Amino acid sequence: MTDDPDNQGIPAPEGATEIIETDYTIGQDNVEGTLGPIGFDIHNPVFMISGITIVAFVFYTLALPEQAGDVFSWLFAQVTQGFDWFFLGAANIFVLFCLFLVVTPWGSVRLGGAEATPDYSYIGWFAMLFAAGMGIGLMFYGVSEPMSHFSTSLGGVSVGEDGVRTDWAPLGAAAGDQEAAIRLGMAATIFHWGLHPWAIYAVVALALALFSFNKGLPLTIRSAFYPILGDRVWGWWGHVIDTLAVFATLFGLATSLGFGATQANAGLNHLFGIPIGNTTEVILISVITAVALISVVRGLDGGVKILSEINMGLAFLLLAFTLIAGPTIAIMTGFADYLMSYIQNLTALSNPVGREDVNFSQGWTSFYWAWWISWSPFVGMFIARVSRGRTVREFVICVLLIPSLVSVLWMSVFGGVAIQQVVQDGYTAAQDADLPLQLFLMLEELPLASITSFIGIILVIVFFVTSSDSGSLVIDTITAGGKVDAPVPQRVFWCIFEGAVAIVLLLSAGGLASLQSMVISTGLPFTIVLLIMCWCILRGLMSEKR
């Protein structure tokens, strides 16, 4: 980071670039001071509105858990059933937009200026963006989602008295055909973890990197809208955009933390007999949040980067072991087959209108797209901060393809082993178990089960820590008006409240369903923000020297 106080930690562009001339200076609307020994430097409207709202939300959910659960359930039904077409259509636009940038001359624009050099090696870069982007989700759904889609596809289509399908199978299912059910189930899984979510992340990350590193604007979501709002972006329009980003990020993170807590609880119960329940999960979230606070204090290089690289090493070891110990040849041949099935079914799976597989498209795909969109301010800003020096083409290709292929490999190995255990060995314990436990029961059938299950728990916990840590850094940057070197106690505040939101939503009547309801509800308005952001990126790239 630069020592120039005028840049507030954002490196100045290197080489030819088109700086946006504005009278706004980073932090000019901030309130600075001390509260006892604690210093603060906050963007008053954004921090106060989002902070007070989150605190009020926590107290409301704790005071009236039953009523809160009913409200969350209603929200989930309304958004998934009424706006599934919108989520699916928007995600398609993000993928097409990214592919468009790759083949245009704008792909040669370098983030940070024509002479900028990358801040991190490829290995460090990939480790950080992957660990922040999907870690807990891959651990939670790596076995359960392929297994679920395989089982429902094999079961075939069922229709209720009203003529609406009641099954959860993707597309037209594959009743009674094991091979077809495996291919369709894996295609549906890859669809949810491949190009579409990473295109969502890439759009936000590119916008932030371009307007901060090339245009000299603060590292906040509002900066991307300067081409259409001009200096009005520093007023209430910008406050609304950044506040929406805070809400989306916080609830997106809370959902992932809830998943991580339930899976860690299931693993600890499986290995050590620790009771499953809200009390254990609350303790887990509290303890892991405390660990995340240590990483928050250490900062990006001293905390997140080190933990991300450790996690990637452990994840690779677990992946390699499972591949070797499982039906290796079947998995490796299946990898290419699953990718081909994904390509063949991509158009049908992406179709936003006229779907008959309503449970799948609304209950799975709509939730996923809203979840990724809620995560996009957090992951996007994090990716932007570690991607300076890359060209737009290099950035888009790497952010889309590398994590997508790793996700496909992960699902192919873990999901493939679990499915083969059912098909070849008749082992159905993992298939019949609750979602958080399925990973550990799949590993139970492989050698060294206790060791691999323990590594799985460690992975969930460290992914938990990196997500909480990274999210705190990002939310603090937004609520500090774009400053990336604001006082550490502010990051601590957001880290604590990420854990608090996850706890109160788990304690509400809906449990994990409440987490899903809030993430999809906050994802809806932010989808509109992302669609407008695509046009702003084009406007910004048009002014750059290629």
# chains A, B, ... in the order shown; residues from 1 in each chain; ligands from 1
call {"tool": "residues_around", "arguments": {"residues": "A:Ile383", "least_positions_apart": "2", "cutoff": "10 Å", "atoms": "only C-alpha atoms", "output": "JSON, numbers by chain"}}
result
{"A": [125, 126, 128, 129, 130, 132, 133, 201, 202, 204, 205, 206, 208, 209, 376, 377, 378, 379, 380, 381, 385, 386, 387, 388, 395, 399]}
call {"tool": "write_last_selection", "arguments": {"atoms": "C-alpha atoms", "output": "short mmCIF file (atom, residue, chain, number, x, y, z; two decimals), in the first residue's frame"}}
result
data_model
loop_
_atom_site.label_atom_id
_atom_site.label_comp_id
_atom_site.auth_asym_id
_atom_site.auth_seq_id
_atom_site.Cartn_x
_atom_site.Cartn_y
_atom_site.Cartn_z
CA TRP A 125 -3.85 -15.06 -6.27
CA PHE A 126 -5.77 -18.25 -7.04
CA MET A 128 -7.11 -16.16 -2.07
CA LEU A 129 -9.90 -15.73 -4.62
CA PHE A 130 -10.91 -19.38 -4.40
CA ALA A 132 -12.87 -16.41 -0.26
CA GLY A 133 -15.28 -17.27 -3.06
CA TYR A 201 -18.02 -12.17 -8.98
CA ALA A 202 -15.99 -11.05 -12.01
CA VAL A 204 -18.20 -6.67 -9.40
CA ALA A 205 -14.46 -7.23 -9.04
CA LEU A 206 -13.71 -5.74 -12.46
CA LEU A 208 -14.14 -2.01 -8.45
CA ALA A 209 -10.63 -2.60 -9.80
CA SER A 376 -20.53 -10.47 -4.86
CA PRO A 377 -19.71 -7.18 -3.05
CA PHE A 378 -17.57 -9.11 -0.58
CA VAL A 379 -15.86 -11.49 -3.01
CA GLY A 380 -15.73 -8.86 -5.77
CA MET A 381 -14.00 -6.27 -3.62
CA ARG A 385 -7.84 -5.81 -4.08
CA VAL A 386 -5.64 -8.77 -5.01
CA SER A 387 -5.90 -8.46 -8.82
CA ARG A 388 -4.09 -5.23 -9.52
CA PHE A 395 -8.51 -11.28 -15.19
CA VAL A 399 -11.58 -15.63 -12.57
#
call {"tool": "residues_around", "arguments": {"residues": "A:Thr289", "least_positions_apart": "6", "cutoff": "9 Å", "atoms": "only C-alpha atoms", "output": "list in words"}}
result
Phe464, Val465, Ser468, Asp469, Cys495, Ile496, Glu498 and Gly499 of chain A
call {"tool": "write_last_selection", "arguments": {"atoms": "all heavy atoms", "output": "short mmCIF file (atom, residue, chain, number, x, y, z; two decimals), in the first residue's frame"}}
result
data_model
loop_
_atom_site.label_atom_id
_atom_site.label_comp_id
_atom_site.auth_asym_id
_atom_site.auth_seq_id
_atom_site.Cartn_x
_atom_site.Cartn_y
_atom_site.Cartn_z
N PHE A 464 -14.31 -20.97 7.20
CA PHE A 464 -15.16 -20.12 8.03
C PHE A 464 -14.38 -18.86 8.43
O PHE A 464 -14.86 -17.73 8.28
CB PHE A 464 -15.56 -20.93 9.26
CG PHE A 464 -16.69 -20.38 10.08
CD1 PHE A 464 -17.62 -21.25 10.63
CD2 PHE A 464 -16.81 -19.03 10.35
CE1 PHE A 464 -18.67 -20.77 11.40
CE2 PHE A 464 -17.85 -18.54 11.13
CZ PHE A 464 -18.78 -19.42 11.66
N VAL A 465 -13.16 -19.05 8.92
CA VAL A 465 -12.35 -17.93 9.39
C VAL A 465 -11.99 -16.99 8.24
O VAL A 465 -12.12 -15.76 8.36
CB VAL A 465 -11.06 -18.45 10.08
CG1 VAL A 465 -10.11 -17.30 10.39
CG2 VAL A 465 -11.41 -19.20 11.36
N SER A 468 -15.09 -14.96 7.15
CA SER A 468 -15.42 -13.93 8.13
C SER A 468 -14.41 -12.80 8.10
O SER A 468 -14.76 -11.61 8.13
CB SER A 468 -15.49 -14.55 9.52
OG SER A 468 -15.81 -13.57 10.49
N ASP A 469 -13.14 -13.16 8.03
CA ASP A 469 -12.05 -12.18 8.00
C ASP A 469 -12.15 -11.30 6.75
O ASP A 469 -12.16 -10.06 6.83
CB ASP A 469 -10.72 -12.93 8.03
CG ASP A 469 -9.53 -12.01 8.15
OD1 ASP A 469 -9.71 -10.79 8.05
OD2 ASP A 469 -8.41 -12.51 8.33
N CYS A 495 -16.87 -8.01 12.17
CA CYS A 495 -16.60 -9.44 12.34
C CYS A 495 -17.52 -10.03 13.41
O CYS A 495 -18.09 -11.11 13.24
CB CYS A 495 -15.14 -9.66 12.72
SG CYS A 495 -14.63 -11.39 12.79
N ILE A 496 -17.68 -9.30 14.51
CA ILE A 496 -18.55 -9.76 15.59
C ILE A 496 -19.99 -9.85 15.13
O ILE A 496 -20.71 -10.82 15.41
CB ILE A 496 -18.42 -8.84 16.82
CG1 ILE A 496 -17.03 -8.99 17.45
CG2 ILE A 496 -19.51 -9.12 17.84
CD1 ILE A 496 -16.72 -7.97 18.53
N GLU A 498 -21.16 -10.20 12.07
CA GLU A 498 -21.38 -11.29 11.11
C GLU A 498 -21.73 -12.57 11.86
O GLU A 498 -22.68 -13.28 11.51
CB GLU A 498 -20.11 -11.52 10.27
CG GLU A 498 -19.86 -10.47 9.23
CD GLU A 498 -18.42 -10.49 8.75
OE1 GLU A 498 -17.76 -11.54 8.93
OE2 GLU A 498 -17.95 -9.48 8.22
N GLY A 499 -20.96 -12.86 12.90
CA GLY A 499 -21.25 -14.03 13.72
C GLY A 499 -22.59 -13.90 14.43
O GLY A 499 -23.35 -14.87 14.53
#
call {"tool": "residues_around", "arguments": {"residues": "A:Phe526", "least_positions_apart": "5", "cutoff": "8 Å", "atoms": "only C-alpha atoms", "output": "MDAnalysis selection string"}}
result
chainID A and resid 244:245 248 373:374
call {"tool": "write_last_selection", "arguments": {"atoms": "all heavy atoms", "output": "PDB file, in the first residue's frame"}}
result
ATOM      1  N   LEU A 244     -26.912  -1.039   0.431  1.00  0.00           N
ATOM      2  CA  LEU A 244     -27.392  -2.309  -0.112  1.00  0.00           C
ATOM      3  C   LEU A 244     -26.268  -3.338  -0.174  1.00  0.00           C
ATOM      4  O   LEU A 244     -26.472  -4.520   0.114  1.00  0.00           O
ATOM      5  CB  LEU A 244     -27.976  -2.098  -1.518  1.00  0.00           C
ATOM      6  CG  LEU A 244     -29.387  -1.531  -1.620  1.00  0.00           C
ATOM      7  CD1 LEU A 244     -29.741  -1.271  -3.076  1.00  0.00           C
ATOM      8  CD2 LEU A 244     -30.401  -2.490  -0.997  1.00  0.00           C
ATOM      9  N   ALA A 245     -25.077  -2.871  -0.548  1.00  0.00           N
ATOM     10  CA  ALA A 245     -23.925  -3.780  -0.622  1.00  0.00           C
ATOM     11  C   ALA A 245     -23.578  -4.339   0.753  1.00  0.00           C
ATOM     12  O   ALA A 245     -23.240  -5.519   0.890  1.00  0.00           O
ATOM     13  CB  ALA A 245     -22.721  -3.046  -1.215  1.00  0.00           C
ATOM     14  N   ALA A 248     -26.303  -6.973   1.656  1.00  0.00           N
ATOM     15  CA  ALA A 248     -26.139  -8.187   0.851  1.00  0.00           C
ATOM     16  C   ALA A 248     -24.946  -8.986   1.342  1.00  0.00           C
ATOM     17  O   ALA A 248     -25.018 -10.213   1.513  1.00  0.00           O
ATOM     18  CB  ALA A 248     -25.967  -7.819  -0.624  1.00  0.00           C
ATOM     19  N   ILE A 373     -24.962 -13.513  -5.700  1.00  0.00           N
ATOM     20  CA  ILE A 373     -25.086 -12.057  -5.852  1.00  0.00           C
ATOM     21  C   ILE A 373     -24.897 -11.368  -4.503  1.00  0.00           C
ATOM     22  O   ILE A 373     -24.272 -10.303  -4.412  1.00  0.00           O
ATOM     23  CB  ILE A 373     -26.444 -11.704  -6.496  1.00  0.00           C
ATOM     24  CG1 ILE A 373     -26.427 -12.104  -7.980  1.00  0.00           C
ATOM     25  CG2 ILE A 373     -26.755 -10.220  -6.355  1.00  0.00           C
ATOM     26  CD1 ILE A 373     -27.779 -12.092  -8.657  1.00  0.00           C
ATOM     27  N   SER A 374     -25.422 -11.966  -3.435  1.00  0.00           N
ATOM     28  CA  SER A 374     -25.213 -11.391  -2.100  1.00  0.00           C
ATOM     29  C   SER A 374     -23.737 -11.408  -1.710  1.00  0.00           C
ATOM     30  O   SER A 374     -23.249 -10.502  -1.039  1.00  0.00           O
ATOM     31  CB  SER A 374     -26.020 -12.171  -1.059  1.00  0.00           C
ATOM     32  OG  SER A 374     -27.393 -11.974  -1.243  1.00  0.00           O
TER      33      SER A 374
END
call {"tool": "atom_distance", "arguments": {"atom1": "atom CA of A:Gly194", "atom2": "atom CA of A:Val406"}}
result
9.0 Å
call {"tool": "closest_atom_pairs", "arguments": {"of": "stretch 406-470 of chain A", "to": "stretch 256-268 of chain A", "cutoff": "10 Å", "atoms": "only C-alpha atoms", "output": "JSON lines"}}
result
{"residue": "A:Asp434", "atom": "CA", "partner": "A:Ala266", "partner_atom": "CA", "distance": 9.1}
{"residue": "A:Leu435", "atom": "CA", "partner": "A:Gln263", "partner_atom": "CA", "distance": 8.1}
{"residue": "A:Pro436", "atom": "CA", "partner": "A:Gln263", "partner_atom": "CA", "distance": 4.4}
{"residue": "A:Leu437", "atom": "CA", "partner": "A:Ala266", "partner_atom": "CA", "distance": 5.4}
{"residue": "A:Gln438", "atom": "CA", "partner": "A:Ala266", "partner_atom": "CA", "distance": 9.1}
{"residue": "A:Leu439", "atom": "CA", "partner": "A:Gly267", "partner_atom": "CA", "distance": 8.6}
{"residue": "A:Phe440", "atom": "CA", "partner": "A:Gly267", "partner_atom": "CA", "distance": 6.4}
{"residue": "A:Leu441", "atom": "CA", "partner": "A:Gly267", "partner_atom": "CA", "distance": 9.3}
{"residue": "A:Ser453", "atom": "CA", "partner": "A:Gly267", "partner_atom": "CA", "distance": 7.0}
{"residue": "A:Phe454", "atom": "CA", "partner": "A:Gly267", "partner_atom": "CA", "distance": 7.7}
{"residue": "A:Gly456", "atom": "CA", "partner": "A:Gly267", "partner_atom": "CA", "distance": 8.0}
{"residue": "A:Ile457", "atom": "CA", "partner": "A:Ala264", "partner_atom": "CA", "distance": 5.5}
{"residue": "A:Ile458", "atom": "CA", "partner": "A:Ala264", "partner_atom": "CA", "distance": 8.4}
{"residue": "A:Leu459", "atom": "CA", "partner": "A:Ala264", "partner_atom": "CA", "distance": 9.3}
{"residue": "A:Val460", "atom": "CA", "partner": "A:Gly260", "partner_atom": "CA", "distance": 6.0}
{"residue": "A:Ile461", "atom": "CA", "partner": "A:Ala264", "partner_atom": "CA", "distance": 7.1}
{"residue": "A:Val462", "atom": "CA", "partner": "A:Gly260", "partner_atom": "CA", "distance": 9.8}
{"residue": "A:Phe463", "atom": "CA", "partner": "A:Gly260", "partner_atom": "CA", "distance": 8.3}
{"residue": "A:Phe464", "atom": "CA", "partner": "A:Leu257", "partner_atom": "CA", "distance": 6.2}
{"residue": "A:Val465", "atom": "CA", "partner": "A:Leu257", "partner_atom": "CA", "distance": 9.1}
{"residue": "A:Ser467", "atom": "CA", "partner": "A:Leu257", "partner_atom": "CA", "distance": 8.1}
{"residue": "A:Ser468", "atom": "CA", "partner": "A:Leu257", "partner_atom": "CA", "distance": 7.9}
call {"tool": "decode", "arguments": {"residues": "stretch 274-290 of chain A", "atoms": "all heavy atoms", "output": "PDB file, in the first residue's frame"}}
result
ATOM      1  N   ILE A 274     -19.905 -35.127  20.091  1.00  0.00           N
ATOM      2  CA  ILE A 274     -20.358 -33.827  20.594  1.00  0.00           C
ATOM      3  C   ILE A 274     -21.799 -33.608  20.147  1.00  0.00           C
ATOM      4  O   ILE A 274     -22.124 -33.800  18.973  1.00  0.00           O
ATOM      5  CB  ILE A 274     -19.436 -32.706  20.082  1.00  0.00           C
ATOM      6  CG1 ILE A 274     -18.039 -32.882  20.682  1.00  0.00           C
ATOM      7  CG2 ILE A 274     -19.996 -31.328  20.425  1.00  0.00           C
ATOM      8  CD1 ILE A 274     -17.007 -31.911  20.148  1.00  0.00           C
ATOM      9  N   PRO A 275     -22.701 -33.199  21.061  1.00  0.00           N
ATOM     10  CA  PRO A 275     -24.128 -33.109  20.714  1.00  0.00           C
ATOM     11  C   PRO A 275     -24.396 -32.156  19.555  1.00  0.00           C
ATOM     12  O   PRO A 275     -23.726 -31.127  19.395  1.00  0.00           O
ATOM     13  CB  PRO A 275     -24.770 -32.584  22.005  1.00  0.00           C
ATOM     14  CG  PRO A 275     -23.797 -32.889  23.078  1.00  0.00           C
ATOM     15  CD  PRO A 275     -22.444 -32.828  22.457  1.00  0.00           C
ATOM     16  N   ILE A 276     -25.394 -32.512  18.735  1.00  0.00           N
ATOM     17  CA  ILE A 276     -25.856 -31.648  17.653  1.00  0.00           C
ATOM     18  C   ILE A 276     -26.981 -30.772  18.174  1.00  0.00           C
ATOM     19  O   ILE A 276     -27.905 -31.264  18.817  1.00  0.00           O
ATOM     20  CB  ILE A 276     -26.345 -32.480  16.456  1.00  0.00           C
ATOM     21  CG1 ILE A 276     -25.169 -33.179  15.771  1.00  0.00           C
ATOM     22  CG2 ILE A 276     -27.088 -31.597  15.454  1.00  0.00           C
ATOM     23  CD1 ILE A 276     -25.563 -34.036  14.587  1.00  0.00           C
ATOM     24  N   GLY A 277     -26.903 -29.480  17.906  1.00  0.00           N
ATOM     25  CA  GLY A 277     -27.968 -28.584  18.352  1.00  0.00           C
ATOM     26  C   GLY A 277     -27.542 -27.138  18.305  1.00  0.00           C
ATOM     27  O   GLY A 277     -26.386 -26.810  18.011  1.00  0.00           O
ATOM     28  N   ASN A 278     -28.493 -26.259  18.614  1.00  0.00           N
ATOM     29  CA  ASN A 278     -28.230 -24.821  18.551  1.00  0.00           C
ATOM     30  C   ASN A 278     -27.123 -24.397  19.503  1.00  0.00           C
ATOM     31  O   ASN A 278     -26.306 -23.528  19.178  1.00  0.00           O
ATOM     32  CB  ASN A 278     -29.502 -24.035  18.857  1.00  0.00           C
ATOM     33  CG  ASN A 278     -30.510 -24.090  17.726  1.00  0.00           C
ATOM     34  OD1 ASN A 278     -30.145 -24.356  16.585  1.00  0.00           O
ATOM     35  ND2 ASN A 278     -31.770 -23.832  18.031  1.00  0.00           N
ATOM     36  N   THR A 279     -27.088 -25.005  20.687  1.00  0.00           N
ATOM     37  CA  THR A 279     -26.075 -24.604  21.679  1.00  0.00           C
ATOM     38  C   THR A 279     -24.667 -24.833  21.147  1.00  0.00           C
ATOM     39  O   THR A 279     -23.800 -23.945  21.215  1.00  0.00           O
ATOM     40  CB  THR A 279     -26.272 -25.385  22.986  1.00  0.00           C
ATOM     41  OG1 THR A 279     -27.585 -25.141  23.489  1.00  0.00           O
ATOM     42  CG2 THR A 279     -25.236 -24.942  24.017  1.00  0.00           C
ATOM     43  N   THR A 280     -24.445 -26.023  20.578  1.00  0.00           N
ATOM     44  CA  THR A 280     -23.114 -26.328  20.036  1.00  0.00           C
ATOM     45  C   THR A 280     -22.785 -25.404  18.878  1.00  0.00           C
ATOM     46  O   THR A 280     -21.643 -24.921  18.753  1.00  0.00           O
ATOM     47  CB  THR A 280     -23.059 -27.791  19.569  1.00  0.00           C
ATOM     48  OG1 THR A 280     -23.438 -28.647  20.642  1.00  0.00           O
ATOM     49  CG2 THR A 280     -21.658 -28.152  19.110  1.00  0.00           C
ATOM     50  N   GLU A 281     -23.773 -25.152  17.996  1.00  0.00           N
ATOM     51  CA  GLU A 281     -23.525 -24.300  16.840  1.00  0.00           C
ATOM     52  C   GLU A 281     -23.220 -22.868  17.250  1.00  0.00           C
ATOM     53  O   GLU A 281     -22.359 -22.206  16.652  1.00  0.00           O
ATOM     54  CB  GLU A 281     -24.721 -24.366  15.892  1.00  0.00           C
ATOM     55  CG  GLU A 281     -24.857 -25.724  15.200  1.00  0.00           C
ATOM     56  CD  GLU A 281     -26.187 -25.899  14.495  1.00  0.00           C
ATOM     57  OE1 GLU A 281     -26.974 -24.936  14.472  1.00  0.00           O
ATOM     58  OE2 GLU A 281     -26.438 -27.004  13.973  1.00  0.00           O
ATOM     59  N   VAL A 282     -23.919 -22.378  18.265  1.00  0.00           N
ATOM     60  CA  VAL A 282     -23.643 -21.021  18.772  1.00  0.00           C
ATOM     61  C   VAL A 282     -22.227 -20.947  19.335  1.00  0.00           C
ATOM     62  O   VAL A 282     -21.496 -19.977  19.090  1.00  0.00           O
ATOM     63  CB  VAL A 282     -24.681 -20.622  19.838  1.00  0.00           C
ATOM     64  CG1 VAL A 282     -24.230 -19.356  20.569  1.00  0.00           C
ATOM     65  CG2 VAL A 282     -26.048 -20.409  19.209  1.00  0.00           C
ATOM     66  N   ILE A 283     -21.830 -21.971  20.075  1.00  0.00           N
ATOM     67  CA  ILE A 283     -20.462 -22.000  20.618  1.00  0.00           C
ATOM     68  C   ILE A 283     -19.443 -22.034  19.491  1.00  0.00           C
ATOM     69  O   ILE A 283     -18.424 -21.320  19.525  1.00  0.00           O
ATOM     70  CB  ILE A 283     -20.286 -23.214  21.562  1.00  0.00           C
ATOM     71  CG1 ILE A 283     -21.147 -23.048  22.811  1.00  0.00           C
ATOM     72  CG2 ILE A 283     -18.817 -23.385  21.939  1.00  0.00           C
ATOM     73  CD1 ILE A 283     -21.185 -24.275  23.711  1.00  0.00           C
ATOM     74  N   LEU A 284     -19.712 -22.860  18.471  1.00  0.00           N
ATOM     75  CA  LEU A 284     -18.800 -22.947  17.328  1.00  0.00           C
ATOM     76  C   LEU A 284     -18.647 -21.604  16.636  1.00  0.00           C
ATOM     77  O   LEU A 284     -17.531 -21.150  16.353  1.00  0.00           O
ATOM     78  CB  LEU A 284     -19.309 -23.987  16.331  1.00  0.00           C
ATOM     79  CG  LEU A 284     -18.918 -25.448  16.574  1.00  0.00           C
ATOM     80  CD1 LEU A 284     -19.690 -26.361  15.637  1.00  0.00           C
ATOM     81  CD2 LEU A 284     -17.422 -25.634  16.391  1.00  0.00           C
ATOM     82  N   ILE A 285     -19.773 -20.950  16.345  1.00  0.00           N
ATOM     83  CA  ILE A 285     -19.712 -19.649  15.666  1.00  0.00           C
ATOM     84  C   ILE A 285     -18.964 -18.637  16.527  1.00  0.00           C
ATOM     85  O   ILE A 285     -18.145 -17.850  16.026  1.00  0.00           O
ATOM     86  CB  ILE A 285     -21.130 -19.142  15.342  1.00  0.00           C
ATOM     87  CG1 ILE A 285     -21.779 -20.042  14.287  1.00  0.00           C
ATOM     88  CG2 ILE A 285     -21.087 -17.700  14.829  1.00  0.00           C
ATOM     89  CD1 ILE A 285     -23.228 -19.689  13.975  1.00  0.00           C
ATOM     90  N   SER A 286     -19.208 -18.655  17.823  1.00  0.00           N
ATOM     91  CA  SER A 286     -18.552 -17.708  18.725  1.00  0.00           C
ATOM     92  C   SER A 286     -17.039 -17.925  18.767  1.00  0.00           C
ATOM     93  O   SER A 286     -16.255 -16.976  18.667  1.00  0.00           O
ATOM     94  CB  SER A 286     -19.144 -17.828  20.137  1.00  0.00           C
ATOM     95  OG  SER A 286     -20.534 -17.592  20.130  1.00  0.00           O
ATOM     96  N   VAL A 287     -16.635 -19.192  18.901  1.00  0.00           N
ATOM     97  CA  VAL A 287     -15.203 -19.503  18.991  1.00  0.00           C
ATOM     98  C   VAL A 287     -14.495 -19.182  17.680  1.00  0.00           C
ATOM     99  O   VAL A 287     -13.412 -18.565  17.664  1.00  0.00           O
ATOM    100  CB  VAL A 287     -14.997 -20.987  19.369  1.00  0.00           C
ATOM    101  CG1 VAL A 287     -13.527 -21.365  19.243  1.00  0.00           C
ATOM    102  CG2 VAL A 287     -15.491 -21.244  20.780  1.00  0.00           C
ATOM    103  N   ILE A 288     -15.119 -19.577  16.558  1.00  0.00           N
ATOM    104  CA  ILE A 288     -14.476 -19.353  15.261  1.00  0.00           C
ATOM    105  C   ILE A 288     -14.441 -17.864  14.924  1.00  0.00           C
ATOM    106  O   ILE A 288     -13.490 -17.369  14.317  1.00  0.00           O
ATOM    107  CB  ILE A 288     -15.181 -20.167  14.167  1.00  0.00           C
ATOM    108  CG1 ILE A 288     -15.047 -21.658  14.483  1.00  0.00           C
ATOM    109  CG2 ILE A 288     -14.588 -19.871  12.800  1.00  0.00           C
ATOM    110  CD1 ILE A 288     -15.869 -22.561  13.594  1.00  0.00           C
ATOM    111  N   THR A 289     -15.475 -17.121  15.337  1.00  0.00           N
ATOM    112  CA  THR A 289     -15.456 -15.673  15.143  1.00  0.00           C
ATOM    113  C   THR A 289     -14.314 -15.049  15.934  1.00  0.00           C
ATOM    114  O   THR A 289     -13.652 -14.111  15.462  1.00  0.00           O
ATOM    115  CB  THR A 289     -16.805 -15.050  15.566  1.00  0.00           C
ATOM    116  OG1 THR A 289     -17.853 -15.591  14.754  1.00  0.00           O
ATOM    117  CG2 THR A 289     -16.782 -13.546  15.408  1.00  0.00           C
ATOM    118  N   ALA A 290     -14.065 -15.576  17.131  1.00  0.00           N
ATOM    119  CA  ALA A 290     -12.940 -15.072  17.932  1.00  0.00           C
ATOM    120  C   ALA A 290     -11.615 -15.324  17.227  1.00  0.00           C
ATOM    121  O   ALA A 290     -10.714 -14.467  17.235  1.00  0.00           O
ATOM    122  CB  ALA A 290     -12.953 -15.743  19.309  1.00  0.00           C
TER     123      ALA A 290
END
